[in-house]
file final-v6.txt (compact mmCIF, C-alpha atoms)
# COMPACT_ATOMS: atom_id res chain seq x y z
CA MET A 912 0.00 0.00 0.00
CA THR A 913 1.17 3.49 -0.59
CA ARG A 914 0.44 4.94 2.82
CA ALA A 915 0.00 3.90 6.42
CA GLU A 916 -3.14 2.17 7.60
CA PRO A 917 -6.15 4.50 7.59
CA GLU A 918 -8.05 5.23 10.77
CA ALA A 919 -10.89 2.91 9.74
CA ALA A 920 -10.55 -0.74 10.63
CA VAL A 921 -9.02 -2.73 7.80
CA ALA A 922 -12.19 -4.83 7.37
CA ASP A 923 -14.17 -1.63 6.77
CA ARG A 924 -12.11 -0.74 3.72
CA VAL A 925 -13.71 -1.00 0.32
CA PHE A 926 -12.01 -1.72 -2.98
CA ILE A 927 -13.18 0.51 -5.84
CA ASP A 928 -13.28 -1.00 -9.32
CA THR A 929 -12.58 1.05 -12.43
CA ASN A 930 -16.20 1.37 -13.54
CA VAL A 931 -17.17 3.31 -10.40
CA LEU A 932 -14.38 5.84 -10.99
CA VAL A 933 -15.32 6.18 -14.65
CA TYR A 934 -19.01 6.77 -13.92
CA ALA A 935 -18.07 9.52 -11.46
CA ASP A 936 -16.35 11.41 -14.28
CA ASP A 937 -18.78 10.63 -17.10
CA PRO A 938 -21.04 13.63 -17.81
CA SER A 939 -23.48 11.30 -19.59
CA GLY A 940 -23.58 8.87 -16.65
CA GLY A 941 -26.88 10.18 -15.26
CA VAL A 942 -28.06 8.36 -12.14
CA LYS A 943 -24.99 6.13 -12.14
CA ARG A 944 -22.76 9.21 -12.11
CA ASP A 945 -24.62 10.64 -9.12
CA ARG A 946 -24.42 7.31 -7.28
CA ALA A 947 -20.71 6.89 -8.04
CA ILE A 948 -19.96 10.39 -6.76
CA ASP A 949 -21.97 9.80 -3.57
CA VAL A 950 -20.30 6.46 -2.86
CA LEU A 951 -16.79 7.73 -3.61
CA SER A 952 -17.36 10.83 -1.50
CA ALA A 953 -18.34 8.76 1.52
CA LEU A 954 -15.48 6.30 1.16
CA VAL A 955 -12.85 8.99 0.62
CA THR A 956 -14.16 11.04 3.54
CA ASP A 957 -14.00 8.00 5.82
CA GLU A 958 -10.58 6.97 4.45
CA ARG A 959 -11.96 3.58 3.43
CA ALA A 960 -11.28 3.66 -0.33
CA VAL A 961 -8.71 1.27 -1.79
CA LEU A 962 -7.56 1.01 -5.43
CA SER A 963 -4.85 -0.85 -7.29
CA THR A 964 -2.32 0.16 -9.90
CA GLN A 965 -4.39 -1.88 -12.38
CA VAL A 966 -7.48 0.23 -11.63
CA LEU A 967 -5.51 3.46 -12.08
CA GLN A 968 -4.24 2.25 -15.46
CA GLU A 969 -7.66 1.10 -16.62
CA TYR A 970 -9.22 4.37 -15.46
CA PHE A 971 -6.82 6.42 -17.59
CA VAL A 972 -7.50 4.34 -20.71
CA VAL A 973 -11.30 4.33 -20.34
CA ALA A 974 -11.52 7.99 -19.29
CA THR A 975 -9.57 9.14 -22.33
CA ARG A 976 -10.98 6.70 -24.90
CA LYS A 977 -14.62 6.33 -23.91
CA VAL A 978 -15.48 9.28 -21.66
CA GLY A 979 -13.47 11.76 -23.69
CA LEU A 980 -11.40 13.32 -20.95
CA ALA A 981 -8.28 15.06 -22.20
CA PRO A 982 -5.17 13.02 -21.35
CA GLU A 983 -3.91 15.87 -19.15
CA GLN A 984 -7.15 15.90 -17.15
CA ALA A 985 -7.19 12.12 -16.79
CA ARG A 986 -3.54 12.21 -15.71
CA ARG A 987 -4.36 14.73 -12.98
CA ARG A 988 -7.19 12.49 -11.77
CA VAL A 989 -4.83 9.50 -11.63
CA GLU A 990 -2.36 11.58 -9.61
CA VAL A 991 -5.05 12.52 -7.11
CA LEU A 992 -6.50 9.00 -6.93
CA SER A 993 -3.01 7.63 -6.31
CA LYS A 994 -3.06 9.42 -2.95
CA LEU A 995 -5.65 6.93 -1.72
CA ASP A 996 -4.55 3.49 -0.52
CA VAL A 997 -3.19 1.78 -3.62
CA VAL A 998 -2.27 -1.89 -3.93
CA VAL A 999 0.75 -2.30 -6.18
CA VAL A 1000 0.27 -5.19 -8.58
CA ARG A 1001 3.32 -7.36 -8.14
CA PRO A 1002 4.15 -10.72 -9.74
CA GLU A 1003 2.83 -12.75 -6.81
CA LEU A 1004 -0.58 -11.05 -7.17
CA ILE A 1005 -0.61 -11.90 -10.86
CA VAL A 1006 0.09 -15.57 -10.16
CA ALA A 1007 -2.60 -15.66 -7.45
CA ALA A 1008 -5.06 -13.97 -9.84
CA ILE A 1009 -4.38 -16.66 -12.43
CA ASP A 1010 -5.39 -19.25 -9.82
CA LEU A 1011 -8.59 -17.33 -9.00
CA HIS A 1012 -9.35 -17.00 -12.71
CA ARG A 1013 -9.05 -20.76 -13.14
CA LEU A 1014 -10.89 -21.67 -9.93
CA HIS A 1015 -13.85 -19.28 -10.27
CA SER A 1016 -14.13 -18.94 -14.07
CA ILE A 1017 -13.89 -15.15 -13.98
CA SER A 1018 -11.79 -13.01 -16.30
CA PHE A 1019 -8.14 -12.67 -15.39
CA TRP A 1020 -8.57 -8.89 -15.00
CA ASP A 1021 -11.48 -9.32 -12.59
CA ALA A 1022 -9.48 -11.97 -10.71
CA LEU A 1023 -6.63 -9.48 -10.34
CA VAL A 1024 -9.05 -6.92 -8.85
CA VAL A 1025 -10.39 -9.55 -6.44
CA ARG A 1026 -6.90 -10.61 -5.37
CA ALA A 1027 -5.78 -7.01 -4.83
CA ALA A 1028 -8.86 -6.37 -2.68
CA SER A 1029 -8.22 -9.53 -0.68
CA VAL A 1030 -4.57 -8.69 -0.07
CA ALA A 1031 -5.62 -5.20 1.08
CA GLY A 1032 -8.02 -6.71 3.61
CA CYS A 1033 -11.10 -5.17 2.01
CA ALA A 1034 -14.51 -6.51 3.01
CA CYS A 1035 -15.98 -5.83 -0.41
CA ILE A 1036 -15.39 -4.65 -3.96
CA LEU A 1037 -17.66 -2.08 -5.55
CA SER A 1038 -18.14 -3.16 -9.14
CA GLU A 1039 -20.87 -3.74 -11.66
CA ASP A 1040 -18.59 -6.08 -13.61
CA LEU A 1041 -18.86 -9.07 -11.26
CA ASN A 1042 -21.85 -10.87 -9.76
CA GLY A 1043 -23.23 -8.79 -6.90
CA GLY A 1044 -23.47 -10.77 -3.67
CA GLN A 1045 -20.86 -13.31 -4.76
CA SER A 1046 -17.94 -13.85 -2.41
CA ILE A 1047 -14.53 -14.70 -3.86
CA ASP A 1048 -11.28 -15.03 -1.93
CA GLY A 1049 -13.00 -13.69 1.20
CA VAL A 1050 -14.25 -10.52 -0.53
CA THR A 1051 -17.91 -9.81 -1.29
CA ILE A 1052 -18.88 -8.19 -4.57
CA VAL A 1053 -21.30 -5.27 -4.24
CA ASN A 1054 -22.90 -3.57 -7.23
CA PRO A 1055 -23.30 0.06 -6.12
CA PHE A 1056 -25.74 0.69 -8.96
CA ALA A 1057 -28.13 -2.14 -8.11
CA PRO A 1058 -31.51 -0.94 -6.84
CA GLY A 1059 -31.99 -1.04 -3.09
CA GLY A 1060 -28.37 -1.80 -2.24
CA ARG A 1061 -26.19 0.24 0.09
CA ALA A 1062 -22.78 0.01 -1.50
CA GLY A 1063 -19.83 -0.83 0.65
CA GLU A 1064 -21.80 -1.68 3.73
CA PRO A 1065 -21.92 -4.98 5.51
CA LYS A 1066 -25.48 -6.12 6.27
CA GLY A 1067 -27.08 -4.39 9.23
CA ARG A 1068 -25.38 -1.03 8.82
CA HIS A 1069 -27.57 1.95 8.09
CA ALA A 1070 -25.16 4.52 6.72
CA ILE A 1071 -22.07 4.35 4.58
CA SER A 1072 -20.60 7.47 6.11
CA ARG A 1073 -20.43 9.35 9.37
CA GLY A 1074 -20.55 12.59 7.38
CA ARG A 1075 -21.00 13.07 3.66
CA LYS A 1076 -19.30 15.69 1.57
CA THR A 1077 -20.99 17.43 -1.32
CA ARG A 1078 -19.99 16.58 -4.87
CA GLY A 1079 -18.03 19.83 -5.05
CA GLU A 1080 -16.10 18.94 -1.92
CA LEU A 1081 -15.39 15.49 -3.34
CA ARG A 1082 -14.10 17.03 -6.56
CA SER A 1083 -11.78 19.30 -4.58
CA ARG A 1084 -10.50 16.36 -2.50
CA LEU A 1085 -10.08 14.12 -5.53

call {"tool": "encode", "arguments": {"input": "final-v6.txt", "output": "structure tokens"}}
result
Amino acid sequence: MTRAEPEAAVADRVFIDTNVLVYADDPSGGVKRDRAIDVLSALVTDERAVLSTQVLQEYFVVATRKVGLAPEQARRRVEVLSKLDVVVVRPELIVAAIDLHRLHSISFWDALVVRAASVAGCACILSEDLNGGQSIDGVTIVNPFAPGGRAGEPKGRHAISRGRKTRGELRSRL
């Protein structure tokens, strides 16, 4: 990880997949954009957000190719996002992801996200790319865009955040 343990308990940390970051910056994202911004705001405020170097790379590519962000703007976003807890993808994670890919019949790239989240001690991964509710390698997949779900929260909790920031405050922090 790139910085010391956050104040939140390790099990409360949440791994953010690329699609959540992309929706937050997609002007045509509509409701998904609003949801992504709200979820990210809460997790960043509570110092619970975790990413990987893979997610940062994927974000840059998708943001510039599909969302249309200028490379300079996307680069600045990657710089800011890299200040969160970031799992560095090392060879041993790649080998472990290959095993998860084979064992669970998920794409290698999704397996690498799952393994990075597991190594970081995250309770869940926010992603719409995997099966919501599924648990792999000790990490539960949560689709933050699914109706009725409260992204990033273990069952029984009523709020994702102790104090939410506005979208403008999130933008200034990220």

call {"tool": "residues_around", "arguments": {"input": "final-v6.txt", "residues": "Val973 (chain A)", "least_positions_apart": "5", "cutoff": "10 Å", "atoms": "only C-alpha atoms", "output": "PyMOL selection string"}}
result
chain A and resi 929-930+932-933+968+978-980+985

call {"tool": "closest_residue", "arguments": {"input": "final-v6.txt", "among": "A:Asn1054, A:Lys977, A:Leu951, A:Ser963", "to": "Ala1031 (chain A)", "atoms": "all atoms listed in the file"}}
result
A:Ser963

call {"tool": "residues_near_point", "arguments": {"input": "final-v6.txt", "point": "(-22.7, -9.5, -10.8)", "cutoff": "12 Å", "atoms": "only C-alpha atoms", "output": "list in words"}}
result
Ile1017, Asp1021, Ile1036, Leu1037, Ser1038, Glu1039, Asp1040, Leu1041, Asn1042, Gly1043, Gly1044, Gln1045, Ser1046, Ile1047, Thr1051, Ile1052, Val1053, Asn1054, Pro1055, Phe1056 and Ala1057 of chain A

call {"tool": "write_last_selection", "arguments": {"input": "final-v6.txt", "atoms": "C-alpha atoms", "output": "short mmCIF file (atom, residue, chain, number, x, y, z; two decimals), in the coordinates of the input"}}
result
data_model
loop_
_atom_site.label_atom_id
_atom_site.label_comp_id
_atom_site.auth_asym_id
_atom_site.auth_seq_id
_atom_site.Cartn_x
_atom_site.Cartn_y
_atom_site.Cartn_z
CA ILE A 1017 -13.89 -15.15 -13.98
CA ASP A 1021 -11.48 -9.32 -12.59
CA ILE A 1036 -15.39 -4.65 -3.96
CA LEU A 1037 -17.66 -2.08 -5.55
CA SER A 1038 -18.14 -3.16 -9.14
CA GLU A 1039 -20.87 -3.74 -11.66
CA ASP A 1040 -18.59 -6.08 -13.61
CA LEU A 1041 -18.86 -9.07 -11.26
CA ASN A 1042 -21.85 -10.87 -9.76
CA GLY A 1043 -23.23 -8.79 -6.90
CA GLY A 1044 -23.47 -10.77 -3.67
CA GLN A 1045 -20.86 -13.31 -4.76
CA SER A 1046 -17.94 -13.85 -2.41
CA ILE A 1047 -14.53 -14.70 -3.86
CA THR A 1051 -17.91 -9.81 -1.29
CA ILE A 1052 -18.88 -8.19 -4.57
CA VAL A 1053 -21.30 -5.27 -4.24
CA ASN A 1054 -22.90 -3.57 -7.23
CA PRO A 1055 -23.30 0.06 -6.12
CA PHE A 1056 -25.74 0.69 -8.96
CA ALA A 1057 -28.13 -2.14 -8.11
#

call {"tool": "atom_distance", "arguments": {"input": "final-v6.txt", "atom1": "CA of Ile1005 (chain A)", "atom2": "CA of Val931 (chain A)"}}
result
22.5 Å

call {"tool": "axis_aligned_box", "arguments": {"input": "final-v6.txt", "around": "region 965-971 of chain A", "padding_each_side": "4 Å", "output": "AutoDock Vina command-line options"}}
result
--center_x -6.7 --center_y 2.3 --center_z -14.6 --size_x 13.0 --size_y 16.3 --size_z 14.0

call {"tool": "atom_distance", "arguments": {"input": "final-v6.txt", "atom1": "CA of Val950 (chain A)", "atom2": "CA of Asp937 (chain A)"}}
result
14.9 Å

call {"tool": "atom_distance", "arguments": {"input": "final-v6.txt", "atom1": "CA of Leu1004 (chain A)", "atom2": "CA of Glu990 (chain A)"}}
result
22.8 Å

call {"tool": "residues_around", "arguments": {"input": "final-v6.txt", "residues": "Ala1027 (chain A)", "least_positions_apart": "3", "cutoff": "12 Å", "atoms": "all atoms listed in the file", "output": "VMD selection string"}}
result
chain A and resid 912 925 to 928 961 to 966 996 to 1008 1011 1020 to 1024 1030 to 1036 1047 to 1050

call {"tool": "closest_residue", "arguments": {"input": "final-v6.txt", "among": "A:Val972, A:Ala981, A:Ala1028, A:Leu995", "to": "Leu954 (chain A)", "atoms": "only C-alpha atoms"}}
result
A:Leu995

call {"tool": "build_atoms", "arguments": {"input": "final-v6.txt", "residues": "region 978-991 of chain A", "atoms": "N, CA and C atoms", "output": "short mmCIF file (atom, residue, chain, number, x, y, z; two decimals), keeping the file's coordinate frame"}}
result
data_model
loop_
_atom_site.label_atom_id
_atom_site.label_comp_id
_atom_site.auth_asym_id
_atom_site.auth_seq_id
_atom_site.Cartn_x
_atom_site.Cartn_y
_atom_site.Cartn_z
N VAL A 978 -14.82 8.13 -22.27
CA VAL A 978 -15.48 9.28 -21.66
C VAL A 978 -15.10 10.58 -22.36
N GLY A 979 -13.91 10.58 -22.96
CA GLY A 979 -13.47 11.76 -23.69
C GLY A 979 -12.71 12.79 -22.88
N LEU A 980 -12.23 12.39 -21.71
CA LEU A 980 -11.40 13.32 -20.95
C LEU A 980 -10.09 13.55 -21.69
N ALA A 981 -9.59 14.77 -21.62
CA ALA A 981 -8.28 15.06 -22.20
C ALA A 981 -7.24 14.27 -21.41
N PRO A 982 -6.20 13.78 -22.06
CA PRO A 982 -5.17 13.02 -21.35
C PRO A 982 -4.59 13.77 -20.15
N GLU A 983 -4.45 15.08 -20.26
CA GLU A 983 -3.91 15.87 -19.15
C GLU A 983 -4.86 15.84 -17.95
N GLN A 984 -6.16 15.94 -18.22
CA GLN A 984 -7.15 15.90 -17.15
C GLN A 984 -7.19 14.51 -16.50
N ALA A 985 -7.18 13.48 -17.32
CA ALA A 985 -7.19 12.12 -16.79
C ALA A 985 -5.92 11.85 -15.98
N ARG A 986 -4.80 12.37 -16.44
CA ARG A 986 -3.54 12.21 -15.71
C ARG A 986 -3.63 12.85 -14.33
N ARG A 987 -4.20 14.06 -14.28
CA ARG A 987 -4.36 14.73 -12.98
C ARG A 987 -5.24 13.92 -12.04
N ARG A 988 -6.31 13.31 -12.59
CA ARG A 988 -7.19 12.49 -11.77
C ARG A 988 -6.43 11.27 -11.23
N VAL A 989 -5.62 10.66 -12.07
CA VAL A 989 -4.83 9.50 -11.63
C VAL A 989 -3.87 9.93 -10.52
N GLU A 990 -3.26 11.08 -10.66
CA GLU A 990 -2.36 11.58 -9.61
C GLU A 990 -3.09 11.73 -8.29
N VAL A 991 -4.28 12.31 -8.33
CA VAL A 991 -5.05 12.52 -7.11
C VAL A 991 -5.52 11.18 -6.53
#
